[in-house]
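Here is model_5.txt, consisting of compact mmCIF, C-alpha atoms:
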# COMPACT_ATOMS: atom_id res chain seq x y z
CA MET A 1 32.65 49.19 -94.06
CA ARG A 2 36.04 47.77 -93.16
CA THR A 3 37.09 46.98 -89.63
CA LYS A 4 40.90 46.93 -89.99
CA GLU A 5 43.35 49.36 -91.51
CA ALA A 6 46.16 46.99 -92.49
CA PHE A 7 46.82 43.42 -93.49
CA PRO A 8 47.80 41.08 -90.63
CA PRO A 9 51.45 40.01 -90.47
CA LEU A 10 52.44 36.60 -91.77
CA GLY A 11 52.59 33.88 -89.17
CA ASN A 12 49.99 33.03 -86.57
CA MET A 13 46.69 34.32 -87.96
CA ILE A 14 43.03 34.18 -87.07
CA ILE A 15 41.14 32.96 -90.12
CA GLY A 16 37.37 33.29 -90.02
CA ILE A 17 35.22 31.19 -92.35
CA ASP A 18 31.54 31.59 -93.17
CA ALA A 19 30.47 27.98 -92.53
CA SER A 20 26.75 28.60 -92.97
CA ARG A 21 26.58 26.88 -96.38
CA ALA A 22 28.86 24.03 -95.32
CA ASN A 23 26.46 23.33 -92.45
CA GLU A 24 23.37 22.91 -94.65
CA SER A 25 21.68 19.52 -94.35
CA GLU A 26 21.03 18.96 -98.06
CA ARG A 27 24.25 20.06 -99.72
CA THR A 28 24.76 20.65 -103.41
CA GLY A 29 27.60 22.41 -105.27
CA THR A 30 28.47 25.47 -103.18
CA GLU A 31 27.61 23.73 -99.92
CA TRP A 32 29.87 20.76 -100.69
CA TYR A 33 32.65 23.11 -101.81
CA SER A 34 32.48 24.89 -98.44
CA TYR A 35 32.22 21.67 -96.47
CA HIS A 36 35.16 19.91 -98.11
CA LEU A 37 37.45 22.94 -97.88
CA ILE A 38 36.87 23.20 -94.13
CA GLN A 39 37.51 19.48 -93.67
CA GLU A 40 40.72 19.69 -95.71
CA PHE A 41 41.91 22.79 -93.82
CA LYS A 42 41.70 20.74 -90.62
CA LYS A 43 44.30 18.36 -92.06
CA LEU A 44 46.55 20.96 -93.64
CA ASP A 45 46.90 23.72 -91.05
CA LEU A 46 47.66 23.04 -87.40
CA LYS A 47 49.22 26.46 -86.77
CA ASN A 48 46.73 29.22 -87.56
CA GLU A 49 43.53 29.72 -85.58
CA PHE A 50 40.26 29.08 -87.44
CA ARG A 51 36.83 30.36 -86.48
CA LEU A 52 33.85 28.72 -88.15
CA TYR A 53 30.79 31.00 -88.19
CA SER A 54 27.34 29.48 -88.57
CA PRO A 55 23.75 30.29 -87.54
CA SER A 56 23.34 26.85 -85.88
CA SER A 57 25.51 24.18 -84.29
CA LEU A 58 27.94 22.43 -86.61
CA LYS A 59 27.08 18.87 -87.71
CA ASP A 60 28.00 16.01 -90.07
CA GLY A 61 31.65 15.99 -89.04
CA LEU A 62 32.18 19.75 -89.10
CA GLU A 63 31.80 19.71 -85.32
CA ASN A 64 34.93 17.54 -84.94
CA LEU A 65 37.38 20.34 -84.40
CA PRO A 66 41.19 20.23 -83.99
CA ALA A 67 42.69 22.30 -81.19
CA ASN A 68 43.23 25.32 -83.47
CA PHE A 69 39.61 25.35 -84.68
CA GLN A 70 36.60 26.78 -82.88
CA SER A 71 32.93 27.05 -83.66
CA ARG A 72 31.18 30.41 -83.38
CA VAL A 73 27.42 29.86 -83.47
CA LEU A 74 25.89 33.24 -84.28
CA LYS A 75 22.22 32.77 -83.50
CA SER A 76 19.63 35.09 -84.95
CA PRO A 77 15.83 35.39 -84.61
CA SER A 78 15.72 34.77 -88.37
CA GLU A 79 18.23 33.30 -90.79
CA MET A 80 17.01 35.75 -93.43
CA LEU A 81 20.00 37.87 -94.47
CA TRP A 82 22.08 36.26 -91.68
CA THR A 83 25.26 37.28 -93.50
CA GLN A 84 24.35 40.98 -93.57
CA THR A 85 22.97 41.12 -90.02
CA ARG A 86 24.45 38.64 -87.58
CA LEU A 87 27.77 37.97 -89.32
CA SER A 88 28.28 41.69 -89.91
CA ALA A 89 27.73 42.33 -86.20
CA GLU A 90 30.39 39.75 -85.32
CA MET A 91 32.83 41.33 -87.76
CA LEU A 92 32.25 44.69 -86.08
CA VAL A 93 32.89 43.59 -82.51
CA ASN A 94 35.31 40.67 -82.94
CA PRO A 95 36.82 40.46 -86.44
CA PRO A 96 39.36 37.83 -87.51
CA ASP A 97 42.55 38.77 -89.36
CA VAL A 98 41.13 37.21 -92.52
CA LEU A 99 37.55 36.40 -93.44
CA PHE A 100 36.89 33.73 -96.07
CA VAL A 101 33.43 33.52 -97.63
CA PRO A 102 33.09 30.46 -99.92
CA ALA A 103 30.39 32.20 -102.02
CA HIS A 104 30.13 35.70 -103.43
CA THR A 105 28.08 37.27 -100.62
CA ILE A 106 30.29 39.03 -98.09
CA PRO A 107 28.93 40.90 -95.06
CA ILE A 108 28.58 44.67 -95.28
CA ILE A 109 30.89 44.98 -92.28
CA HIS A 110 34.03 42.95 -92.92
CA PRO A 111 37.80 42.90 -92.34
CA ILE A 112 39.92 44.61 -94.99
CA LYS A 113 41.36 41.19 -95.82
CA THR A 114 38.18 39.47 -96.90
CA ILE A 115 38.52 36.75 -99.52
CA VAL A 116 35.53 35.46 -101.44
CA THR A 117 34.85 32.66 -103.91
CA CYS A 118 32.73 33.44 -106.95
CA HIS A 119 31.34 30.27 -108.53
CA ASP A 120 29.52 31.83 -111.47
CA VAL A 121 27.68 34.94 -112.65
CA GLY A 122 24.90 33.22 -114.53
CA PHE A 123 22.42 35.67 -112.99
CA GLU A 124 23.94 38.36 -115.21
CA ARG A 125 24.02 36.30 -118.42
CA PHE A 126 20.60 34.73 -117.94
CA PRO A 127 18.61 36.92 -115.53
CA GLU A 128 15.36 35.46 -116.88
CA LEU A 129 16.36 32.08 -115.40
CA TYR A 130 16.60 33.39 -111.84
CA ALA A 131 13.83 33.93 -109.32
CA THR A 132 12.64 37.45 -108.57
CA HIS A 133 10.56 36.64 -105.52
CA SER A 134 11.14 38.69 -102.39
CA ILE A 135 13.65 37.73 -99.74
CA GLY A 136 11.70 37.90 -96.50
CA PRO A 137 8.13 39.20 -96.18
CA SER A 138 6.63 40.55 -99.37
CA LYS A 139 3.37 42.05 -98.15
CA GLY A 140 2.15 44.50 -95.53
CA LEU A 141 4.26 46.80 -93.39
CA ALA A 142 6.95 44.14 -92.85
CA GLY A 143 7.36 43.68 -96.60
CA LEU A 144 7.53 47.42 -97.17
CA ALA A 145 10.10 47.81 -94.39
CA VAL A 146 12.39 45.09 -95.83
CA LYS A 147 12.09 46.47 -99.36
CA THR A 148 12.83 50.01 -98.16
CA ALA A 149 15.82 48.83 -96.12
CA ALA A 150 17.23 47.01 -99.15
CA LYS A 151 16.78 50.10 -101.32
CA ILE A 152 18.53 52.36 -98.80
CA ALA A 153 21.39 49.90 -98.18
CA THR A 154 22.09 49.64 -101.91
CA GLY A 155 21.83 53.32 -102.77
CA PHE A 156 18.34 52.81 -104.23
CA LYS A 157 19.73 50.59 -107.00
CA TYR A 158 18.39 47.21 -105.87
CA SER A 159 15.33 45.72 -104.24
CA ASN A 160 15.00 42.74 -101.90
CA ASN A 161 14.43 40.03 -104.50
CA GLU A 162 16.76 37.11 -105.10
CA LEU A 163 18.07 38.29 -108.48
CA ASP A 164 18.85 41.79 -107.20
CA TYR A 165 20.58 40.36 -104.15
CA HIS A 166 22.86 38.26 -106.38
CA ARG A 167 23.71 41.31 -108.49
CA TRP A 168 24.30 43.64 -105.57
CA SER A 169 26.38 41.15 -103.57
CA MET A 170 28.64 40.36 -106.54
CA LYS A 171 29.33 44.03 -107.23
CA PHE A 172 29.88 44.66 -103.53
CA ALA A 173 32.36 41.77 -103.35
CA LEU A 174 34.25 43.02 -106.41
CA LYS A 175 34.57 46.44 -104.82
CA HIS A 176 35.43 45.40 -101.26
CA ALA A 177 37.04 41.95 -101.25
CA ALA A 178 40.84 41.95 -101.03
CA LYS A 179 41.03 38.88 -103.27
CA ILE A 180 38.56 36.87 -105.30
CA ILE A 181 38.80 33.18 -106.07
CA THR A 182 37.00 31.75 -109.09
CA VAL A 183 36.53 28.05 -109.68
CA SER A 184 37.25 28.18 -113.42
CA GLU A 185 39.01 30.24 -116.05
CA PHE A 186 35.57 30.63 -117.61
CA THR A 187 34.15 32.38 -114.54
CA LYS A 188 37.17 34.67 -114.30
CA LYS A 189 36.68 35.63 -117.95
CA GLU A 190 32.97 36.25 -117.34
CA ILE A 191 33.68 38.55 -114.38
CA ARG A 192 36.22 40.56 -116.36
CA GLU A 193 33.87 40.99 -119.31
CA ILE A 194 30.63 41.67 -117.46
CA TYR A 195 31.99 43.98 -114.76
CA ASN A 196 34.82 45.50 -116.80
CA VAL A 197 37.50 44.78 -114.20
CA SER A 198 41.17 43.98 -114.73
CA GLY A 199 41.10 40.72 -112.81
CA GLU A 200 44.44 41.41 -111.13
CA ASN A 201 43.07 40.30 -107.75
CA ILE A 202 41.24 37.26 -109.18
CA SER A 203 42.82 33.81 -108.80
CA VAL A 204 41.53 30.63 -110.44
CA ILE A 205 41.46 27.52 -108.26
CA HIS A 206 39.65 24.58 -109.78
CA ASN A 207 37.23 22.70 -107.58
CA GLY A 208 38.20 19.32 -106.25
CA PHE A 209 35.88 16.41 -105.58
CA ASP A 210 35.89 13.41 -103.28
CA GLN A 211 38.10 10.98 -105.20
CA GLU A 212 37.88 8.36 -102.46
CA LYS A 213 34.08 8.25 -102.49
CA PHE A 214 33.18 8.59 -106.17
CA VAL A 215 34.73 5.39 -107.50
CA PRO A 216 33.54 2.24 -109.28
CA ILE A 217 31.52 0.05 -106.88
CA LYS A 218 32.13 -3.69 -107.05
CA ASN A 219 29.36 -4.59 -104.60
CA GLN A 220 26.39 -5.05 -106.95
CA ALA A 221 24.10 -5.90 -104.03
CA GLU A 222 24.72 -2.44 -102.57
CA ILE A 223 23.83 -0.82 -105.89
CA ASP A 224 20.70 -2.95 -106.20
CA LEU A 225 19.50 -1.83 -102.76
CA THR A 226 19.77 1.81 -103.84
CA LEU A 227 17.88 1.10 -107.06
CA GLN A 228 15.14 -0.62 -105.05
CA LYS A 229 15.01 2.29 -102.63
CA TYR A 230 14.07 4.70 -105.42
CA GLY A 231 12.14 2.25 -107.59
CA ILE A 232 14.57 2.46 -110.50
CA ASN A 233 15.01 -0.24 -113.11
CA LYS A 234 17.91 -0.51 -115.55
CA PRO A 235 18.73 0.77 -118.08
CA PHE A 236 18.56 4.42 -117.11
CA TYR A 237 20.17 7.76 -117.80
CA LEU A 238 20.87 10.10 -114.91
CA PHE A 239 20.95 13.80 -114.19
CA VAL A 240 22.07 15.12 -110.78
CA GLY A 241 21.57 18.75 -109.81
CA ARG A 242 18.92 21.31 -109.03
CA LEU A 243 15.90 20.94 -111.29
CA GLU A 244 15.91 24.44 -112.73
CA GLU A 245 15.87 26.14 -116.10
CA LYS A 246 19.55 27.03 -116.35
CA LYS A 247 20.38 23.31 -116.08
CA ASN A 248 18.50 22.80 -119.38
CA ILE A 249 16.35 19.98 -118.03
CA VAL A 250 13.66 20.64 -120.63
CA GLY A 251 16.23 20.46 -123.44
CA MET A 252 17.55 17.13 -122.15
CA LEU A 253 14.01 15.77 -121.81
CA GLU A 254 13.32 16.71 -125.43
CA ALA A 255 16.55 15.04 -126.54
CA PHE A 256 15.67 11.91 -124.55
CA ALA A 257 12.22 11.77 -126.16
CA PHE A 258 13.75 12.29 -129.63
CA ALA A 259 16.31 9.53 -129.07
CA ARG A 260 13.60 7.12 -127.85
CA ALA A 261 11.64 7.70 -131.04
CA LYS A 262 14.73 7.02 -133.18
CA GLU A 263 16.47 4.15 -131.39
CA PRO A 264 14.62 0.98 -130.24
CA LYS A 265 17.31 0.26 -127.61
CA ILE A 266 16.23 3.35 -125.69
CA LYS A 267 12.50 2.53 -125.61
CA GLU A 268 12.71 0.87 -122.19
CA ALA A 269 15.21 3.31 -120.65
CA LEU A 270 14.35 5.62 -117.78
CA PHE A 271 15.61 9.16 -117.34
CA VAL A 272 16.23 9.71 -113.62
CA LEU A 273 16.27 13.29 -112.31
CA ALA A 274 17.95 13.59 -108.89
CA GLY A 275 17.71 17.01 -107.27
CA ARG A 276 15.53 19.58 -105.57
CA PRO A 277 13.07 21.65 -107.61
CA GLY A 278 14.36 25.10 -108.55
CA TYR A 279 13.34 28.07 -110.65
CA GLY A 280 11.28 26.98 -113.67
CA TYR A 281 10.36 23.58 -112.21
CA ASP A 282 6.77 24.00 -113.41
CA ARG A 283 8.01 24.11 -117.00
CA ILE A 284 9.92 20.88 -116.44
CA GLN A 285 6.72 19.23 -115.26
CA SER A 286 4.85 20.55 -118.27
CA ALA A 287 7.53 19.25 -120.63
CA ILE A 288 7.30 15.75 -119.16
CA LYS A 289 3.56 15.71 -119.90
CA ARG A 290 3.91 17.35 -123.31
CA LEU A 291 6.48 14.76 -124.39
CA GLY A 292 4.50 11.83 -123.02
CA LEU A 293 7.29 10.85 -120.64
CA GLU A 294 5.24 10.38 -117.47
CA ASN A 295 6.24 6.69 -117.29
CA SER A 296 9.79 7.20 -118.56
CA VAL A 297 11.04 9.94 -116.23
CA LYS A 298 11.68 9.25 -112.55
CA GLN A 299 12.09 12.19 -110.15
CA ILE A 300 13.69 11.19 -106.85
CA GLY A 301 14.53 14.54 -105.22
CA TRP A 302 17.76 15.36 -103.43
CA ILE A 303 19.87 12.27 -102.64
CA PRO A 304 22.75 11.74 -100.19
CA ASP A 305 26.28 11.05 -101.39
CA ALA A 306 26.18 7.28 -100.87
CA ASP A 307 23.09 6.95 -103.06
CA ARG A 308 24.57 9.27 -105.68
CA VAL A 309 27.67 7.09 -105.97
CA ASN A 310 25.56 3.97 -106.45
CA LEU A 311 23.26 5.58 -109.01
CA LEU A 312 26.20 6.97 -110.99
CA ASN A 313 27.71 3.48 -111.05
CA ALA A 314 24.46 1.99 -112.30
CA ALA A 315 23.59 4.69 -114.88
CA LYS A 316 24.25 4.00 -118.54
CA ILE A 317 24.85 7.66 -119.38
CA PHE A 318 25.14 10.78 -117.24
CA LEU A 319 23.38 13.71 -118.96
CA PHE A 320 24.60 17.15 -117.96
CA ALA A 321 23.95 19.45 -120.92
CA SER A 322 23.59 22.58 -118.82
CA MET A 323 23.16 26.06 -120.28
CA TYR A 324 25.51 27.64 -117.75
CA GLU A 325 27.94 26.25 -115.16
CA GLY A 326 30.65 27.96 -113.18
CA PHE A 327 32.34 24.58 -112.81
CA GLY A 328 30.29 21.36 -112.85
CA ILE A 329 31.45 18.98 -110.11
CA PRO A 330 28.89 16.29 -111.12
CA ILE A 331 30.88 15.77 -114.32
CA LEU A 332 33.92 14.75 -112.27
CA GLU A 333 31.84 12.59 -109.93
CA ALA A 334 30.51 10.70 -112.93
CA PHE A 335 34.03 10.26 -114.34
CA GLY A 336 35.22 8.93 -110.99
CA CYS A 337 32.50 6.28 -111.02
CA GLY A 338 33.33 5.24 -114.58
CA THR A 339 30.11 6.66 -115.99
CA ILE A 340 29.93 7.96 -119.56
CA VAL A 341 29.10 11.68 -119.75
CA ILE A 342 27.31 13.86 -122.28
CA THR A 343 27.77 17.50 -121.34
CA SER A 344 27.47 20.99 -122.76
CA ASN A 345 29.97 22.62 -125.10
CA ARG A 346 29.36 25.91 -123.27
CA ALA A 347 30.55 27.78 -120.20
CA SER A 348 32.97 25.83 -117.98
CA CYS A 349 31.85 22.32 -119.00
CA PRO A 350 34.56 21.85 -121.68
CA GLU A 351 37.18 23.16 -119.24
CA VAL A 352 36.18 20.51 -116.70
CA ALA A 353 35.42 17.60 -119.03
CA GLY A 354 38.38 17.94 -121.41
CA ASP A 355 38.24 15.17 -123.99
CA ALA A 356 36.64 12.67 -121.59
CA ALA A 357 32.99 13.43 -122.48
CA LEU A 358 30.87 14.00 -125.56
CA LEU A 359 30.27 17.75 -125.87
CA VAL A 360 26.98 18.92 -127.36
CA ASP A 361 25.16 22.16 -128.09
CA PRO A 362 22.60 22.36 -125.24
CA GLU A 363 20.15 24.16 -127.52
CA ASN A 364 20.33 21.56 -130.28
CA THR A 365 17.89 18.78 -129.45
CA GLU A 366 18.87 16.64 -132.42
CA GLU A 367 22.58 16.90 -131.60
CA MET A 368 21.98 15.82 -128.01
CA ALA A 369 19.79 12.93 -129.13
CA SER A 370 22.39 11.84 -131.68
CA ALA A 371 25.03 11.75 -128.92
CA ILE A 372 22.79 9.49 -126.82
CA ILE A 373 22.18 7.14 -129.76
CA ARG A 374 25.87 7.12 -130.67
CA LEU A 375 26.88 6.06 -127.16
CA GLU A 376 24.20 3.38 -127.13
CA ASN A 377 25.69 1.78 -130.23
CA ASP A 378 29.44 2.37 -129.92
CA GLU A 379 30.96 0.18 -127.22
CA LYS A 380 34.52 1.15 -128.16
CA LEU A 381 33.70 4.85 -127.74
CA ARG A 382 32.10 4.18 -124.35
CA GLU A 383 35.20 2.38 -123.09
CA ASP A 384 37.51 5.05 -124.51
CA LEU A 385 35.60 7.81 -122.73
CA ARG A 386 35.47 5.79 -119.52
CA GLN A 387 39.26 5.46 -119.41
CA LYS A 388 39.74 9.12 -120.29
CA GLY A 389 37.39 10.02 -117.44
CA PHE A 390 39.48 8.05 -114.94
CA SER A 391 42.57 9.94 -116.10
CA ARG A 392 40.84 13.33 -116.09
CA VAL A 393 39.73 13.23 -112.46
CA LYS A 394 43.29 12.87 -111.20
CA GLU A 395 43.75 16.58 -111.89
CA PHE A 396 40.99 17.68 -109.49
CA SER A 397 41.73 16.67 -105.90
CA LEU A 398 40.23 18.22 -102.78
CA ALA A 399 43.68 18.45 -101.20
CA LYS A 400 45.04 20.47 -104.13
CA CYS A 401 42.05 22.82 -104.08
CA ALA A 402 42.42 23.32 -100.32
CA ARG A 403 46.20 23.88 -100.44
CA GLU A 404 45.90 26.52 -103.13
CA THR A 405 43.03 28.22 -101.28
CA LEU A 406 44.92 28.19 -97.98
CA ASN A 407 47.93 29.75 -99.68
CA ILE A 408 45.76 32.70 -100.70
CA LEU A 409 44.22 33.04 -97.22
CA THR A 410 47.60 33.12 -95.52
CA SER A 411 49.63 35.13 -98.04
Represent the structure from my file as structure tokens, please.
Amino acid sequence: MRTKEAFPPLGNMIIGIDASRANESERTGTEWYSYHLIQEFKKLDLKNEFRLYSPSSLKDGLENLPANFQSRVLKSPSEMLWTQTRLSAEMLVNPPDVLFVPAHTIPIIHPIKTIVTCHDVGFERFPELYATHSIGPSKGLAGLAVKTAAKIATGFKYSNNELDYHRWSMKFALKHAAKIITVSEFTKKEIREIYNVSGENISVIHNGFDQEKFVPIKNQAEIDLTLQKYGINKPFYLFVGRLEEKKNIVGMLEAFAFARAKEPKIKEALFVLAGRPGYGYDRIQSAIKRLGLENSVKQIGWIPDADRVNLLNAAKIFLFASMYEGFGIPILEAFGCGTIVITSNRASCPEVAGDAALLVDPENTEEMASAIIRLENDEKLREDLRQKGFSRVKEFSLAKCARETLNILTS
């Protein structure tokens, strides 16, 4: 349902932003994307009025609002389906001129000028790698009620599980959003192919990353404190991201084990996994035991930015051979810190990495292991990639991403 019949005139506009993801405590890709865009908008636009919608009070700097920004805390008895319930209600009674949703789930009730960012459609390419557990209660009358409501709302095409919600919300956004932003040419191509759409209303705006924070650290004592905090000894390889199947953690573990068996220099190395458990985490645990890596793999959970910077600076190699990425910000963060990167030759990873990383087939264990061994033994190659990484990151600033996004919101 749309709440306005025409686009607002250019000039002084009310721009609403779904800030629910930006306001998460433990941010990863989409959450950081949302957070940084809002913070950059504060610097770029002092004219238009911005409304930041969230289910709880803003924090971590989001609450520091210029005069033309305001927080709209939309409380709800449950945050389950907050977008479709509480945000929809706000759009019905008090809509902005433009609504920006920094992920592909827009509320059922929305302004005609609703703009959405689609980060990837991996749930269509690899549905087996996504959870199918119920959103909300799964048993009893409450579970039946939620399932029935989801069926009715989606024309009896989808249920109330996570995979179905991804699929429904993407198709709903494609049908109802005035404009769609994708974070890579790869994702735009995927949307056009999978959903058979022209792509005329799809704009590609590459992600930016914090170029002031992710830099080489000269203070070795600061790095050492972070290593002590997590009980990490050098040398180590690092992965940062959700520990889930689509990230190909098992494949990287197998490559690490293969490389250790082939190259004596790697015998004492650790493989550090930094991130929250995700879908398929049990298989990651099983692989660690199967490969005999219990003493060679260190899992440290989600880590804050400051620790991530220090660990990237200390890591010998950053491993990011993911099966599917809509963009891959960690690649740029590693480049910024001067860390050597091995990444996938699939999806958006080549688009982001350019020639500044070693690209490997994520399904070829021997190829990944060979890349690790090659970097261990080729100092000239390591330095060449390091310098290329420093050059590559200059193309991906937060300010550029925000300016291009704001141009779409206000056009």
(request) Determine the nearest neighbour of A:Ser203 from the options A:Lys388, A:Cys118, A:Leu273, A:Pro111, counting only C-alpha atoms. (result)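 Nearest candidate to A:Ser203 out of A:Lys388, A:Cys118, A:Leu273, A:Pro111: A:Cys118.
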(request) Mind listing whatever residues come within 10 Å of the point (30.3, 5.6, -101.2)? Use only C-alpha atoms, file coordinates, and give them as a PyMOL selection string. (result) chain A and resi 210+212-217+222+304-310
(message) So that I can see what lies close to stretch 52-62 of chain A, please list as an MDAnalysis selection string the residues with an atom at most 7 Å from it, counting all atoms listed in the file and leaving out residues fewer than 6 positions away in the same chain.
(response) chainID A and resid 16:20 23 70:76
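Atom CA of A:Arg386 sits 12.6 Å away from atom CA of A:Gly354.
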(request) Find, counting only C-alpha atoms, the residue in A:Gly231, A:Gly29, A:Gly301, A:Pro277 that gets nearest to A:Gly328. (result)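 Distance minimum relative to A:Gly328 lands on A:Gly29.
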(message) I want to know what sits within 12 Å of A:Pro264, based on all atoms listed in the file, with residues of the same chain fewer than 4 positions away left out; could you give that as a PyMOL selection string?
(response) chain A and resi 257-260+268-269+373+376-377
(request) Pick out the closest residue to A:Asp97 from this set: A:Asn64, A:Thr117, A:Asn12, A:Thr182. Count only C-alpha atoms. (result)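 Closest to A:Asp97, using only C-alpha atoms: A:Asn12.
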(message) Considering all atoms listed in the file, can you say which of A:Ala356, A:Ile109, A:Ala103, A:Ala315 comes closest to A:Ser88?
(response) A:Ile109
(message) With only C-alpha atoms as the counted atoms, please give the residues lying no more than 12 Å from A:Thr405, apart from itself and same-chain residues fewer than 6 positions off, as a list in words.
(response)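 Neighbouring residues, sequence-local ones excluded: Tyr33, Ser34, His36, Leu37, Ile38, Glu40, Phe41, Leu44, Asp45, Phe100, Val101, Pro102, Ile115, Val116, Thr117, Lys179, Ile180, Ile181, Thr182, Val183, Ser203, Val204, Ile205, His206, Asn207, Gly208, Leu398, Ala399 and Ser411 of chain A.
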With C-alpha atoms kept, could you save the residues just selected as a CSV table (one decimal), in the coordinates of the input?
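Here's the written file result_1.csv:
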chain,number,residue,atom,x,y,z
A,33,TYR,CA,32.6,23.1,-101.8
A,34,SER,CA,32.5,24.9,-98.4
A,36,HIS,CA,35.2,19.9,-98.1
A,37,LEU,CA,37.4,22.9,-97.9
A,38,ILE,CA,36.9,23.2,-94.1
A,40,GLU,CA,40.7,19.7,-95.7
A,41,PHE,CA,41.9,22.8,-93.8
A,44,LEU,CA,46.6,21.0,-93.6
A,45,ASP,CA,46.9,23.7,-91.0
A,100,PHE,CA,36.9,33.7,-96.1
A,101,VAL,CA,33.4,33.5,-97.6
A,102,PRO,CA,33.1,30.5,-99.9
A,115,ILE,CA,38.5,36.8,-99.5
A,116,VAL,CA,35.5,35.5,-101.4
A,117,THR,CA,34.8,32.7,-103.9
A,179,LYS,CA,41.0,38.9,-103.3
A,180,ILE,CA,38.6,36.9,-105.3
A,181,ILE,CA,38.8,33.2,-106.1
A,182,THR,CA,37.0,31.8,-109.1
A,183,VAL,CA,36.5,28.0,-109.7
A,203,SER,CA,42.8,33.8,-108.8
A,204,VAL,CA,41.5,30.6,-110.4
A,205,ILE,CA,41.5,27.5,-108.3
A,206,HIS,CA,39.6,24.6,-109.8
A,207,ASN,CA,37.2,22.7,-107.6
A,208,GLY,CA,38.2,19.3,-106.2
A,398,LEU,CA,40.2,18.2,-102.8
A,399,ALA,CA,43.7,18.4,-101.2
A,411,SER,CA,49.6,35.1,-98.0
(message) Show me the residues close to (27.4, 6.7, -125.6) - anything with an atom within 9 Å, counting all atoms listed in the file - and format the list as a VMD selection string.
(response) chain A and resid 316 to 317 340 to 342 358 371 to 379 381 to 382 385
(request) Kindly indicate which residue among A:Asn313, A:Ala173, A:Leu253, A:Ser198 lies nearest to A:Leu227, using only C-alpha atoms for the distances. (result) A:Asn313
